[in-house]
There are 2 protein chains.
Amino acid sequence: MEDPWVTSPAPEAARTGGAGADLHLELAGPGGVRVRLMRALREAVRSGRLAPGTRLPSYRVLAADLGVARNTVAEAYAELVAEGWLTARQGSGTRVASRAEPLPLARRSPAPRSRKPVHDLAPSSPDAAAFPRAAWLASARRALAVAPSEAFGVGDPRGRPELREALAEYLTRARGVRADAERIVVCPGFANAVRILGPLLPGTVAVESYGLPFHRELIAASGAATAPLVVDEHGARVADLPATGAGAVLLTPAHQYPMGGPLEAGRRAAVVDWARTTGGTVLEDDYDGEFRYDRQPVGAVQGLDPDRVVYLGSASKGLSPALRLGWMVLPDRLVDDVLAVKGARESWSGVTDQLVLADFIARGAYDRHLRRMRGIYRRRRDRLVETLAAHAPHITVRGIAAGLHAVLDLPPGTEPSTLAAARRLSLAVDGLTPYRHPNSPMPPLDGLVVGYGTPAEHAFPTALNTLLATLPPPP
Amino acid sequence: MEDPWVTSPAPEAARTGGAGADLHLELAGPGGVRVRLMRALREAVRSGRLAPGTRLPSYRVLAADLGVARNTVAEAYAELVAEGWLTARQGSGTRVASRAEPLPLARRSPAPRSRKPVHDLAPSSPDAAAFPRAAWLASARRALAVAPSEAFGVGDPRGRPELREALAEYLTRARGVRADAERIVVCPGFANAVRILGPLLPGTVAVESYGLPFHRELIAASGAATAPLVVDEHGARVADLPATGAGAVLLTPAHQYPMGGPLEAGRRAAVVDWARTTGGTVLEDDYDGEFRYDRQPVGAVQGLDPDRVVYLGSASKGLSPALRLGWMVLPDRLVDDVLAVKGARESWSGVTDQLVLADFIARGAYDRHLRRMRGIYRRRRDRLVETLAAHAPHITVRGIAAGLHAVLDLPPGTEPSTLAAARRLSLAVDGLTPYRHPNSPMPPLDGLVVGYGTPAEHAFPTALNTLLATLPPPP
């Protein structure tokens, strides 16, 4: 492409000419004359049209050429000298700084992204199209109107008090959490919470045999090893936790991820007793506790002993993972340590979204949105189950009482071919295998983890049909 | 405080009575009958009023007591059993789970926070009261209306394309940065950027002899050592950088922090040449480059060589540190590595604020806000300088051409007593000493770092008078 600003000169000629290069600069674009002149000169140097060492015309000459004030040219030169583009020496005029080759910056081609699948049944994401924009904006209007000035200064490392108060009320009421604002710390999400808590955990953290590999990696990155607990239809077998040593265990009690069962009542009590007896800590990942279809959501284990259980939740499933808003409800003894590790502001969430979510919760808009989405996801869940019962009765579905995903059991050995079929049909869906802890004593299972929350409403039926088409035939 | 829900029983009596405890539950608060009953029962267990093992009344008895449906009581019991609060065994009725002592949760007293100073001249924060709420909200309205649905799903690790496009245009135009959207990565701020870049830097990072101790700590936390460069009136003495080895250097070229000078033109070129010759990397911390009072802001060093300089900026000074919005403009070779380290979503900024800032920049509201604030801060700066000239002519002020802070030179040995005087008058202000790199070859200086951006407009004159009152008398 021809540079529009500089049509000549040959640098050689310019270097010899006493009056400096004969520039034909076009002062295009926004800004005043000086700004446009500076931009044109920078561009000429960058593109290599003005070679290092080239002498520029005097103020007088260039000003006359361009029909601008001499002072404007003088100022532009001076600023470019200050920026390092030009050099000025008494008696030798203004020259292009003598530096290594000018750098034609290749415009980076877009990163090779994995092609977006046509049908998206990958788990872990709610329906992005259902984000309640109008209600969110209404809360933004109110929240920005009433927020004190100090909200926009450097704030409390725990997060905005408005949000922590709203969360304390909401989590107590809706999730059976024992929360008060003083022990809530707002953070950008579960991963950040684990990164912050990691250094405070002991050398080994027990995890469920099936769980997000990413969570195991986070714990490993914090320097702790993970030890797998067997998962059965009652959740994790917490009786296998080590009887001594102040250990830690990460659980998904409301809805085992990905297998889908709630942690059975006796085990809920047992894991709390284990923590009390050993001095251990339970990390409760309540990632989608609000979405339960058969009856009221199961309350949080944390309510049984807030001094032994760290409760971790977020708005990622209820509203959007793009908000980057999560929360920890901490035992008193951990608050100061967490704040010390959290430290500087990098782990803080943006204050406006915190203020907006506080209003959104306090006004009941969060409850209304969750209720609406619960209906939508429940219908999708029903449709998934009915479709499979009608067209693929040989496939068992588990974990359908709650959440935004289900696990489909596949005949042994058929997971790889099923995933290959899904790829061919451009269907995003997870295989069960990566969820399994590599050291799990449980035999490997073939399965699919199907997220029915992800598609937009209109796209769900087609995604479901595509899923059917990928399933292995009856034996 | 008396628990309002349970006025009796004595657990002993309850355990013996065949009909179970005589509960006087008050179903207060929001929610349906079942929810309120569950809350009252949980509260009674938590507070210890219902001891472990206590047998509860039958559905029929409690329903009659409370005047509610038997089914409601049955459901409440069943859910509390599922949650681990109660146990139900055939023939022995429903009992409070036999667990360790109930836990009266002491309400955590608010963390002992350092008392907010009356007068705030601590550096590094803009005037929080000046946050442009109305314009921000107008942008929010537009941005939420036009954003595609996928904005609320799991997005691009680099940040929203709308914001990266707006930043590319803005940084090119206003800061002389060579930016395109493909090489911009949005992050929550400078500290997060350094945490991400840290693992990609070599073993030693050169830093300015005077700088934020927090930045040195961040680099140390990433496993690299820091080596101090002498800072003089022309900025950091980059000629002292090691001549071999692909090192890295962190600079504040537009406005040395805290000393205040811009990096001199020859040094700007020299540091880029150093990076090219040695294969090194320059980290350019452009923390307040927009605020320059004597003339146009000095353009970014990054413009001289975008393949050798990482440009780091944020909205923390221009708008608010509470937004947690920053950006890196990266050399092509670093983009993939940065995204790999950035990894999961914990380092992502909230999407709504990204969308709003994109609109805010694109509509010119950011420029307008910066122009307004530049006028305000410039008047404060002038007032600071005039006040000192009139009332404390023995105190030299440096770094007044730009930014939101100035350095006041103090007579040798007087920094500690000056800071003590400030504390007595409840004035927040920084001493210069902590800014000095512990291994710096420069002699220690006594001084104050005065942030004139922080107070609200109305509070500034009083803060200034208080500052005057803390200064040591003329020798």
# chains A, B, ... in the order shown; residues from 1 in each chain; ligands from 1
call {"tool": "residues_around", "arguments": {"residues": "region 262-268 of chain A", "least_positions_apart": "4", "cutoff": "10 Å", "atoms": "only C-alpha atoms", "output": "ChimeraX atom specification"}}
result
/A:231-239,251-257,272-274,289,297-298,300-302,304,399,401-402 /B:79-87,97
call {"tool": "interface_residues", "arguments": {"of": "chain A", "to": "chain B", "cutoff": "6 Å", "atoms": "only C-alpha atoms", "output": "number ranges by chain"}}
result
A: 82-84, 128-129, 149-150, 152-153, 188, 191-192, 265, 268-269, 299, 320, 322-324, 346, 350-351
call {"tool": "write_last_selection", "arguments": {"atoms": "C-alpha atoms", "output": "mmCIF file, in the first residue's frame"}}
result
data_model
loop_
_atom_site.group_PDB
_atom_site.id
_atom_site.type_symbol
_atom_site.label_atom_id
_atom_site.label_comp_id
_atom_site.auth_asym_id
_atom_site.auth_seq_id
_atom_site.Cartn_x
_atom_site.Cartn_y
_atom_site.Cartn_z
ATOM 1 C CA ALA A 82 11.756 14.613 22.915
ATOM 2 C CA GLU A 83 10.174 11.358 21.851
ATOM 3 C CA GLY A 84 13.401 10.107 20.318
ATOM 4 C CA ALA A 128 -25.228 -16.172 27.164
ATOM 5 C CA ALA A 129 -28.197 -14.895 25.185
ATOM 6 C CA SER A 149 -17.439 8.808 45.909
ATOM 7 C CA GLU A 150 -14.981 6.612 47.730
ATOM 8 C CA PHE A 152 -14.187 4.951 42.837
ATOM 9 C CA GLY A 153 -11.038 5.222 44.907
ATOM 10 C CA PRO A 188 -13.029 -12.719 40.094
ATOM 11 C CA ALA A 191 -9.951 -20.134 39.980
ATOM 12 C CA ASN A 192 -8.785 -16.938 41.582
ATOM 13 C CA ALA A 265 -26.659 -36.276 54.319
ATOM 14 C CA ARG A 268 -22.163 -33.999 54.768
ATOM 15 C CA ALA A 269 -22.079 -34.375 58.525
ATOM 16 C CA GLY A 299 -28.256 -26.049 51.388
ATOM 17 C CA SER A 320 -22.553 -14.894 33.192
ATOM 18 C CA ALA A 322 -17.976 -12.917 31.666
ATOM 19 C CA LEU A 323 -18.829 -10.833 34.740
ATOM 20 C CA ARG A 324 -15.844 -12.248 36.643
ATOM 21 C CA GLU A 346 -4.876 -7.465 40.859
ATOM 22 C CA GLY A 350 -14.294 -4.069 38.978
ATOM 23 C CA VAL A 351 -16.243 -1.885 41.339
#
call {"tool": "select_by_dssp", "arguments": {"residues": "region 42-71 of chain B", "states": "alpha helix (DSSP H)", "output": "PyMOL selection string"}}
result
chain B and resi 42-46+59-66+70-71
call {"tool": "select_by_dssp", "arguments": {"residues": "region 309-420 of chain B", "states": "strand (DSSP E or B)", "output": "ChimeraX atom specification"}}
result
/B:309-314,326-329,397-398,402,405-409
call {"tool": "atom_distance", "arguments": {"atom1": "CA of Arg164 (chain A)", "atom2": "CA of Gly32 (chain B)"}}
result
24.6 Å
call {"tool": "residues_around", "arguments": {"residues": "region 366-380 of chain B", "least_positions_apart": "2", "cutoff": "8 Å", "atoms": "only C-alpha atoms", "output": "list in words"}}
result
Pro132, Glu290, Phe291, Arg292, Tyr293, Gly318, Phe360, Ile361, Arg363, Gly364, Asp382, Arg383, Leu384, Leu404, Tyr452, Gly453 and Phe460 of chain B
call {"tool": "atom_distance", "arguments": {"atom1": "CA of Glu284 (chain A)", "atom2": "CA of Val309 (chain A)"}}
result
6.7 Å
call {"tool": "residues_around", "arguments": {"residues": "His405 (chain A)", "least_positions_apart": "2", "cutoff": "6 Å", "atoms": "only C-alpha atoms", "output": "PDB file with all heavy atoms, in the first residue's frame"}}
result
ATOM      1  N   PRO A 123     -20.150 -28.293  28.530  1.00  0.00           N
ATOM      2  CA  PRO A 123     -20.699 -27.944  29.832  1.00  0.00           C
ATOM      3  C   PRO A 123     -20.097 -26.657  30.379  1.00  0.00           C
ATOM      4  O   PRO A 123     -19.170 -26.107  29.805  1.00  0.00           O
ATOM      5  CB  PRO A 123     -20.305 -29.144  30.699  1.00  0.00           C
ATOM      6  CG  PRO A 123     -19.115 -29.714  30.040  1.00  0.00           C
ATOM      7  CD  PRO A 123     -19.235 -29.419  28.570  1.00  0.00           C
ATOM      8  N   GLY A 403     -28.530 -28.532  38.031  1.00  0.00           N
ATOM      9  CA  GLY A 403     -27.422 -28.020  37.254  1.00  0.00           C
ATOM     10  C   GLY A 403     -27.710 -27.750  35.802  1.00  0.00           C
ATOM     11  O   GLY A 403     -28.854 -27.727  35.365  1.00  0.00           O
ATOM     12  N   VAL A 450     -22.616 -33.416  28.943  1.00  0.00           N
ATOM     13  CA  VAL A 450     -23.432 -32.611  28.036  1.00  0.00           C
ATOM     14  C   VAL A 450     -23.935 -31.373  28.765  1.00  0.00           C
ATOM     15  O   VAL A 450     -24.666 -31.484  29.753  1.00  0.00           O
ATOM     16  CB  VAL A 450     -24.638 -33.437  27.525  1.00  0.00           C
ATOM     17  CG1 VAL A 450     -25.562 -32.566  26.683  1.00  0.00           C
ATOM     18  CG2 VAL A 450     -24.153 -34.646  26.738  1.00  0.00           C
ATOM     19  N   GLY A 451     -23.544 -30.226  28.301  1.00  0.00           N
ATOM     20  CA  GLY A 451     -24.033 -28.978  28.886  1.00  0.00           C
ATOM     21  C   GLY A 451     -25.256 -28.511  28.123  1.00  0.00           C
ATOM     22  O   GLY A 451     -25.144 -28.144  26.957  1.00  0.00           O
ATOM     23  N   TYR A 452     -26.404 -28.534  28.768  1.00  0.00           N
ATOM     24  CA  TYR A 452     -27.599 -28.073  28.059  1.00  0.00           C
ATOM     25  C   TYR A 452     -27.897 -26.606  28.335  1.00  0.00           C
ATOM     26  O   TYR A 452     -28.867 -26.045  27.828  1.00  0.00           O
ATOM     27  CB  TYR A 452     -28.822 -28.963  28.339  1.00  0.00           C
ATOM     28  CG  TYR A 452     -29.074 -29.290  29.799  1.00  0.00           C
ATOM     29  CD1 TYR A 452     -29.721 -28.403  30.629  1.00  0.00           C
ATOM     30  CD2 TYR A 452     -28.662 -30.501  30.334  1.00  0.00           C
ATOM     31  CE1 TYR A 452     -29.958 -28.705  31.957  1.00  0.00           C
ATOM     32  CE2 TYR A 452     -28.897 -30.817  31.672  1.00  0.00           C
ATOM     33  CZ  TYR A 452     -29.544 -29.909  32.478  1.00  0.00           C
ATOM     34  OH  TYR A 452     -29.776 -30.218  33.796  1.00  0.00           O
TER      35      TYR A 452
END
call {"tool": "atom_distance", "arguments": {"atom1": "CA of Ala224 (chain B)", "atom2": "CA of Pro202 (chain B)"}}
result
6.9 Å
call {"tool": "closest_residue", "arguments": {"among": "A:Ser209, A:Pro393, A:Glu26, A:Arg55", "to": "Gly67 (chain A)", "atoms": "only C-alpha atoms"}}
result
A:Glu26
call {"tool": "residues_around", "arguments": {"residues": "region 425-435 of chain A", "least_positions_apart": "6", "cutoff": "6 Å", "atoms": "only C-alpha atoms", "output": "PDB file with N, CA and C atoms, in the first residue's frame"}}
result
ATOM      1  N   PRO A 117     -17.720 -24.147  17.163  1.00  0.00           N
ATOM      2  CA  PRO A 117     -18.574 -25.243  16.711  1.00  0.00           C
ATOM      3  C   PRO A 117     -19.966 -24.715  16.371  1.00  0.00           C
ATOM      4  N   VAL A 118     -20.645 -25.416  15.472  1.00  0.00           N
ATOM      5  CA  VAL A 118     -21.999 -24.999  15.096  1.00  0.00           C
ATOM      6  C   VAL A 118     -22.962 -25.259  16.252  1.00  0.00           C
ATOM      7  N   HIS A 119     -22.807 -26.421  16.885  1.00  0.00           N
ATOM      8  CA  HIS A 119     -23.696 -26.798  17.992  1.00  0.00           C
ATOM      9  C   HIS A 119     -22.879 -26.866  19.268  1.00  0.00           C
ATOM     10  N   ASP A 120     -23.368 -26.184  20.315  1.00  0.00           N
ATOM     11  CA  ASP A 120     -22.536 -26.080  21.517  1.00  0.00           C
ATOM     12  C   ASP A 120     -23.220 -26.729  22.722  1.00  0.00           C
ATOM     13  N   LEU A 121     -22.803 -27.924  23.049  1.00  0.00           N
ATOM     14  CA  LEU A 121     -23.266 -28.590  24.268  1.00  0.00           C
ATOM     15  C   LEU A 121     -22.091 -28.820  25.223  1.00  0.00           C
ATOM     16  N   ALA A 122     -21.085 -27.948  25.138  1.00  0.00           N
ATOM     17  CA  ALA A 122     -19.993 -28.013  26.099  1.00  0.00           C
ATOM     18  C   ALA A 122     -20.534 -27.593  27.452  1.00  0.00           C
ATOM     19  N   TYR A 210     -13.693 -37.687  40.098  1.00  0.00           N
ATOM     20  CA  TYR A 210     -14.114 -37.007  38.878  1.00  0.00           C
ATOM     21  C   TYR A 210     -14.313 -35.541  39.202  1.00  0.00           C
ATOM     22  N   GLY A 211     -13.693 -34.704  38.423  1.00  0.00           N
ATOM     23  CA  GLY A 211     -13.777 -33.266  38.648  1.00  0.00           C
ATOM     24  C   GLY A 211     -13.071 -32.540  37.514  1.00  0.00           C
ATOM     25  N   LEU A 212     -13.111 -31.205  37.531  1.00  0.00           N
ATOM     26  CA  LEU A 212     -12.471 -30.447  36.460  1.00  0.00           C
ATOM     27  C   LEU A 212     -10.952 -30.592  36.537  1.00  0.00           C
ATOM     28  N   PRO A 213     -10.316 -31.049  35.453  1.00  0.00           N
ATOM     29  CA  PRO A 213      -8.855 -31.128  35.458  1.00  0.00           C
ATOM     30  C   PRO A 213      -8.222 -29.775  35.778  1.00  0.00           C
ATOM     31  N   GLY A 447     -18.008 -41.884  28.722  1.00  0.00           N
ATOM     32  CA  GLY A 447     -19.192 -41.058  28.881  1.00  0.00           C
ATOM     33  C   GLY A 447     -19.059 -39.725  28.177  1.00  0.00           C
ATOM     34  N   LEU A 448     -20.159 -39.004  28.157  1.00  0.00           N
ATOM     35  CA  LEU A 448     -20.169 -37.644  27.638  1.00  0.00           C
ATOM     36  C   LEU A 448     -20.673 -36.721  28.740  1.00  0.00           C
ATOM     37  N   VAL A 449     -20.081 -35.542  28.840  1.00  0.00           N
ATOM     38  CA  VAL A 449     -20.618 -34.510  29.722  1.00  0.00           C
ATOM     39  C   VAL A 449     -21.302 -33.485  28.820  1.00  0.00           C
ATOM     40  N   VAL A 450     -22.616 -33.416  28.943  1.00  0.00           N
ATOM     41  CA  VAL A 450     -23.432 -32.611  28.036  1.00  0.00           C
ATOM     42  C   VAL A 450     -23.935 -31.373  28.765  1.00  0.00           C
TER      43      VAL A 450
END
call {"tool": "residues_around", "arguments": {"residues": "Asp337 (chain B)", "least_positions_apart": "2", "cutoff": "12 Å", "atoms": "only C-alpha atoms", "output": "list in words"}}
result
Arg158, Arg183, Val185, Ile196, Leu197, Gly198, Pro199, Leu200, Leu201, Leu330, Pro331, Asp332, Arg333, Leu334, Val335, Leu339, Ala340, Val341, Lys342 and Gly343 of chain B
call {"tool": "write_last_selection", "arguments": {"atoms": "N, CA, C and O atoms", "output": "short mmCIF file (atom, residue, chain, number, x, y, z; two decimals), in the first residue's frame"}}
result
data_model
loop_
_atom_site.label_atom_id
_atom_site.label_comp_id
_atom_site.auth_asym_id
_atom_site.auth_seq_id
_atom_site.Cartn_x
_atom_site.Cartn_y
_atom_site.Cartn_z
N ARG B 158 -7.89 -12.38 25.39
CA ARG B 158 -7.29 -11.06 25.21
C ARG B 158 -8.22 -9.94 25.67
O ARG B 158 -7.80 -8.79 25.79
N ARG B 183 -2.68 -7.39 19.18
CA ARG B 183 -1.56 -7.50 20.11
C ARG B 183 -1.86 -6.81 21.45
O ARG B 183 -0.97 -6.64 22.27
N VAL B 185 -3.74 -7.00 25.04
CA VAL B 185 -4.36 -7.92 25.98
C VAL B 185 -4.89 -7.10 27.16
O VAL B 185 -4.13 -6.36 27.79
N ILE B 196 1.79 -11.76 35.08
CA ILE B 196 1.71 -12.60 33.88
C ILE B 196 3.03 -12.58 33.12
O ILE B 196 3.50 -13.60 32.63
N LEU B 197 3.63 -11.39 33.01
CA LEU B 197 4.87 -11.27 32.24
C LEU B 197 6.06 -11.83 33.00
O LEU B 197 7.04 -12.27 32.40
N GLY B 198 5.98 -11.82 34.34
CA GLY B 198 7.10 -12.22 35.18
C GLY B 198 7.77 -13.51 34.72
O GLY B 198 8.98 -13.55 34.50
N PRO B 199 7.00 -14.60 34.57
CA PRO B 199 7.62 -15.87 34.20
C PRO B 199 8.29 -15.83 32.82
O PRO B 199 9.06 -16.72 32.49
N LEU B 200 7.97 -14.81 32.01
CA LEU B 200 8.57 -14.72 30.68
C LEU B 200 9.82 -13.86 30.68
O LEU B 200 10.48 -13.71 29.66
N LEU B 201 10.15 -13.28 31.83
CA LEU B 201 11.31 -12.38 31.90
C LEU B 201 12.54 -13.16 32.34
O LEU B 201 12.44 -14.24 32.94
N LEU B 330 1.65 -5.79 23.23
CA LEU B 330 2.74 -6.76 23.27
C LEU B 330 3.47 -6.89 21.95
O LEU B 330 2.86 -6.79 20.88
N PRO B 331 4.78 -7.15 22.02
CA PRO B 331 5.47 -7.60 20.81
C PRO B 331 4.81 -8.90 20.34
O PRO B 331 4.39 -9.72 21.16
N ASP B 332 4.76 -9.04 19.03
CA ASP B 332 4.14 -10.22 18.45
C ASP B 332 4.62 -11.52 19.09
O ASP B 332 3.84 -12.40 19.41
N ARG B 333 5.94 -11.60 19.33
CA ARG B 333 6.52 -12.85 19.83
C ARG B 333 6.03 -13.21 21.23
O ARG B 333 6.21 -14.34 21.67
N LEU B 334 5.47 -12.24 21.96
CA LEU B 334 5.05 -12.52 23.34
C LEU B 334 3.56 -12.84 23.47
O LEU B 334 3.11 -13.31 24.51
N VAL B 335 2.78 -12.59 22.42
CA VAL B 335 1.32 -12.70 22.56
C VAL B 335 0.90 -14.10 23.02
O VAL B 335 0.17 -14.26 23.99
N LEU B 339 -0.78 -15.24 26.63
CA LEU B 339 -2.10 -15.87 26.73
C LEU B 339 -2.00 -17.22 27.42
O LEU B 339 -2.90 -17.61 28.17
N ALA B 340 -0.90 -17.92 27.21
CA ALA B 340 -0.73 -19.21 27.88
C ALA B 340 -0.59 -19.02 29.39
O ALA B 340 -1.20 -19.75 30.18
N VAL B 341 0.18 -18.02 29.82
CA VAL B 341 0.33 -17.77 31.26
C VAL B 341 -0.98 -17.22 31.84
O VAL B 341 -1.40 -17.59 32.93
N LYS B 342 -1.61 -16.34 31.08
CA LYS B 342 -2.87 -15.74 31.54
C LYS B 342 -3.89 -16.84 31.79
O LYS B 342 -4.63 -16.83 32.76
N GLY B 343 -3.90 -17.77 30.87
CA GLY B 343 -4.67 -18.99 31.06
C GLY B 343 -6.12 -18.74 31.39
O GLY B 343 -6.80 -17.98 30.72
#
